[in-house]
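Visitor: Have a look at this one.
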Amino acid sequence: MSRFFDVENPLFSLLSKVADMLFVSIAFILLTVPIITIGPAYTALYYSVVKVIRRERGYLFREFFRSFKLNFKRATIIGVLLTLVFLILAFDLSYAWELTADPDSNKGSLLLGVFVGIFILAFCIFIYVFPILSRFDMTVKQLIKASMFMSTRHLHFTILMLAVHVAALVVIYFFLPFIFFAPAIVVFVNSLMMEKIFKKYMPESEGPGEETGKDEWYLE
């Protein structure tokens, strides 16, 4: 029985990670309620999931709120911009869909295709921009440009990450309680691909962490 509570027990470790995913997902959901804070919340979610849950460095909520505060300004600006873009696209898509009801005009189908394409591009930026912000020091303009570049340069990973988001939404539709785990699980799965991308753009390490005094967990 004592083996079950041993921190080295794989089952105990798994349950601990599941609990961490639940807690950090709930924190993310609560912080996105005001809408304008979705940017800092997503940035903090990615940073804490990768560093604490995947790499087992630091403490979950300390790292979460540290990232939230550190990146608050830039993440909020980007989050508000993307929210406005999605709201405008929602009206545009609704308008285009109504036009498709006219059998004598191709205008609706053409507009619908254009707006769907813009929506996918904006969502790709959403997927990349906050993880990039959690790891790299860039201006808002640089972050958006980097997101567009990486999402097109690594298109195979981008498609897979889009599929992960869609799959999560489908599961939530059929099993609503999954929403309390979905944010962290989606980020965890996507980070398996995102971190491979990031390593291609990281500067060379100055040396072993012991020599530089840095915990270069992100290079593992």
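Here, A, B, ... name the chains of the structure tokens in the order displayed, residue numbers run from 1 inside each chain, and ligands are numbered from 1 in the same displayed order.
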Please return, as a PyMOL selection string, all residues of stretch 2-214 of chain A that DSSP assigns to alpha helix (DSSP H) on the basis of the backbone.
Guide: chain A and resi 10-32+38-48+60-70+72-99+107-135+140-153+155-174+182-199+209-212
Visitor: Please produce a file of those selected residues containing C-alpha atoms, as a compact mmCIF listing (two decimals), in the first residue's frame.
Guide:
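The resulting file, out.txt, is reproduced below:
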```
# COMPACT_ATOMS: atom_id res chain seq x y z
CA PRO A 10 4.27 5.75 -12.18
CA LEU A 11 0.57 5.62 -11.35
CA PHE A 12 0.93 8.27 -8.64
CA SER A 13 2.94 10.43 -11.06
CA LEU A 14 0.24 10.07 -13.74
CA LEU A 15 -2.55 10.96 -11.31
CA SER A 16 -0.54 13.97 -10.16
CA LYS A 17 -0.19 15.21 -13.75
CA VAL A 18 -3.90 14.66 -14.40
CA ALA A 19 -4.73 16.70 -11.28
CA ASP A 20 -2.33 19.45 -12.40
CA MET A 21 -4.04 19.56 -15.80
CA LEU A 22 -7.43 19.90 -14.12
CA PHE A 23 -6.29 22.72 -11.81
CA VAL A 24 -4.45 24.72 -14.46
CA SER A 25 -7.33 24.28 -16.93
CA ILE A 26 -9.77 25.67 -14.37
CA ALA A 27 -7.42 28.61 -13.70
CA PHE A 28 -7.26 29.26 -17.45
CA ILE A 29 -11.06 29.12 -17.82
CA LEU A 30 -11.63 31.51 -14.92
CA LEU A 31 -9.09 34.00 -16.26
CA THR A 32 -10.61 33.95 -19.76
CA ILE A 38 -7.50 35.32 -22.85
CA GLY A 39 -4.07 36.24 -24.24
CA PRO A 40 -2.17 36.31 -20.93
CA ALA A 41 -4.11 33.24 -19.74
CA TYR A 42 -3.21 31.19 -22.83
CA THR A 43 0.43 32.30 -22.63
CA ALA A 44 0.61 31.28 -18.98
CA LEU A 45 -1.18 27.99 -19.70
CA TYR A 46 1.33 26.99 -22.36
CA TYR A 47 4.35 28.03 -20.28
CA SER A 48 3.25 26.23 -17.12
CA LEU A 60 2.46 24.94 -11.27
CA PHE A 61 0.65 28.07 -10.08
CA ARG A 62 3.83 30.01 -9.37
CA GLU A 63 4.98 29.52 -12.97
CA PHE A 64 1.46 30.12 -14.31
CA PHE A 65 0.99 33.48 -12.62
CA ARG A 66 4.59 34.49 -13.21
CA SER A 67 4.08 34.12 -16.96
CA PHE A 68 0.64 35.75 -16.73
CA LYS A 69 2.10 38.90 -15.13
CA LEU A 70 5.29 39.00 -17.20
CA PHE A 72 0.29 40.58 -19.61
CA LYS A 73 0.58 43.74 -21.73
CA ARG A 74 1.62 42.20 -25.05
CA ALA A 75 -0.62 39.15 -24.65
CA THR A 76 -3.63 41.35 -23.85
CA ILE A 77 -3.06 43.53 -26.92
CA ILE A 78 -2.81 40.48 -29.18
CA GLY A 79 -5.75 38.78 -27.48
CA VAL A 80 -7.99 41.82 -27.97
CA LEU A 81 -6.92 42.16 -31.62
CA LEU A 82 -7.64 38.50 -32.34
CA THR A 83 -10.98 38.68 -30.51
CA LEU A 84 -12.03 41.61 -32.69
CA VAL A 85 -10.91 39.73 -35.80
CA PHE A 86 -12.93 36.65 -34.84
CA LEU A 87 -16.02 38.75 -34.03
CA ILE A 88 -15.84 40.52 -37.40
CA LEU A 89 -15.31 37.19 -39.17
CA ALA A 90 -18.32 35.73 -37.37
CA PHE A 91 -20.54 38.45 -38.86
CA ASP A 92 -18.88 38.08 -42.27
CA LEU A 93 -19.36 34.31 -42.28
CA SER A 94 -23.00 34.68 -41.26
CA TYR A 95 -23.56 37.22 -44.05
CA ALA A 96 -21.82 35.01 -46.64
CA TRP A 97 -23.82 31.97 -45.52
CA GLU A 98 -27.09 33.84 -46.05
CA LEU A 99 -25.98 34.80 -49.57
CA LYS A 107 -21.16 35.59 -54.63
CA GLY A 108 -22.08 33.86 -51.37
CA SER A 109 -19.95 30.79 -52.02
CA LEU A 110 -16.98 32.93 -53.07
CA LEU A 111 -17.20 35.14 -50.00
CA LEU A 112 -17.70 32.13 -47.74
CA GLY A 113 -14.53 30.54 -49.07
CA VAL A 114 -12.54 33.76 -48.57
CA PHE A 115 -13.79 34.28 -45.03
CA VAL A 116 -13.20 30.64 -44.06
CA GLY A 117 -9.63 30.99 -45.34
CA ILE A 118 -9.09 34.16 -43.29
CA PHE A 119 -10.60 32.47 -40.24
CA ILE A 120 -8.21 29.51 -40.54
CA LEU A 121 -5.23 31.89 -40.90
CA ALA A 122 -6.33 33.87 -37.83
CA PHE A 123 -6.78 30.67 -35.83
CA CYS A 124 -3.31 29.49 -36.87
CA ILE A 125 -1.92 32.76 -35.54
CA PHE A 126 -3.88 32.17 -32.31
CA ILE A 127 -2.36 28.69 -31.94
CA TYR A 128 1.22 29.94 -32.36
CA VAL A 129 1.39 33.49 -31.05
CA PHE A 130 0.93 32.89 -27.32
CA PRO A 131 3.31 29.92 -27.09
CA ILE A 132 5.89 32.03 -28.97
CA LEU A 133 5.35 34.87 -26.51
CA SER A 134 5.83 32.50 -23.57
CA ARG A 135 9.30 31.62 -24.87
CA VAL A 140 3.61 42.57 -30.84
CA LYS A 141 4.37 43.07 -34.54
CA GLN A 142 7.23 40.56 -34.44
CA LEU A 143 5.06 38.00 -32.62
CA ILE A 144 2.33 38.16 -35.26
CA LYS A 145 4.87 37.92 -38.09
CA ALA A 146 6.61 34.98 -36.41
CA SER A 147 3.27 33.23 -35.92
CA MET A 148 2.36 33.61 -39.58
CA PHE A 149 5.83 32.44 -40.67
CA MET A 150 5.97 29.37 -38.41
CA SER A 151 2.40 28.30 -39.14
CA THR A 152 3.08 28.25 -42.90
CA ARG A 153 6.69 27.05 -42.69
CA LEU A 155 2.32 23.41 -42.21
CA HIS A 156 2.20 19.69 -41.39
CA PHE A 157 2.43 20.43 -37.66
CA THR A 158 -0.05 23.30 -38.02
CA ILE A 159 -2.65 21.00 -39.59
CA LEU A 160 -2.17 18.45 -36.81
CA MET A 161 -2.54 21.13 -34.12
CA LEU A 162 -5.71 22.41 -35.77
CA ALA A 163 -7.01 18.84 -35.74
CA VAL A 164 -6.27 18.57 -32.00
CA HIS A 165 -8.38 21.67 -31.32
CA VAL A 166 -11.25 20.37 -33.46
CA ALA A 167 -11.10 16.96 -31.76
CA ALA A 168 -11.26 18.62 -28.34
CA LEU A 169 -14.33 20.64 -29.35
CA VAL A 170 -16.05 17.49 -30.61
CA VAL A 171 -15.35 15.67 -27.33
CA ILE A 172 -16.64 18.66 -25.32
CA TYR A 173 -19.81 18.72 -27.46
CA PHE A 174 -20.58 15.10 -26.55
CA ALA A 182 -9.38 20.22 -22.41
CA PRO A 183 -7.26 23.43 -22.24
CA ALA A 184 -4.26 21.73 -20.62
CA ILE A 185 -4.61 18.51 -22.65
CA VAL A 186 -4.78 20.43 -25.95
CA VAL A 187 -1.72 22.50 -24.99
CA PHE A 188 0.13 19.40 -23.78
CA VAL A 189 -0.45 17.50 -27.04
CA ASN A 190 0.28 20.52 -29.23
CA SER A 191 3.45 21.28 -27.29
CA LEU A 192 4.89 17.95 -28.43
CA MET A 193 4.97 19.50 -31.90
CA MET A 194 5.42 23.16 -30.95
CA GLU A 195 8.57 22.50 -28.94
CA LYS A 196 10.17 20.73 -31.92
CA ILE A 197 9.50 23.85 -33.96
CA PHE A 198 10.85 26.21 -31.30
CA LYS A 199 14.15 24.36 -31.03
CA GLY A 209 23.32 24.59 -17.45
CA GLU A 210 25.66 23.99 -14.54
CA GLU A 211 28.26 26.31 -16.09
CA THR A 212 25.93 29.11 -17.17
```
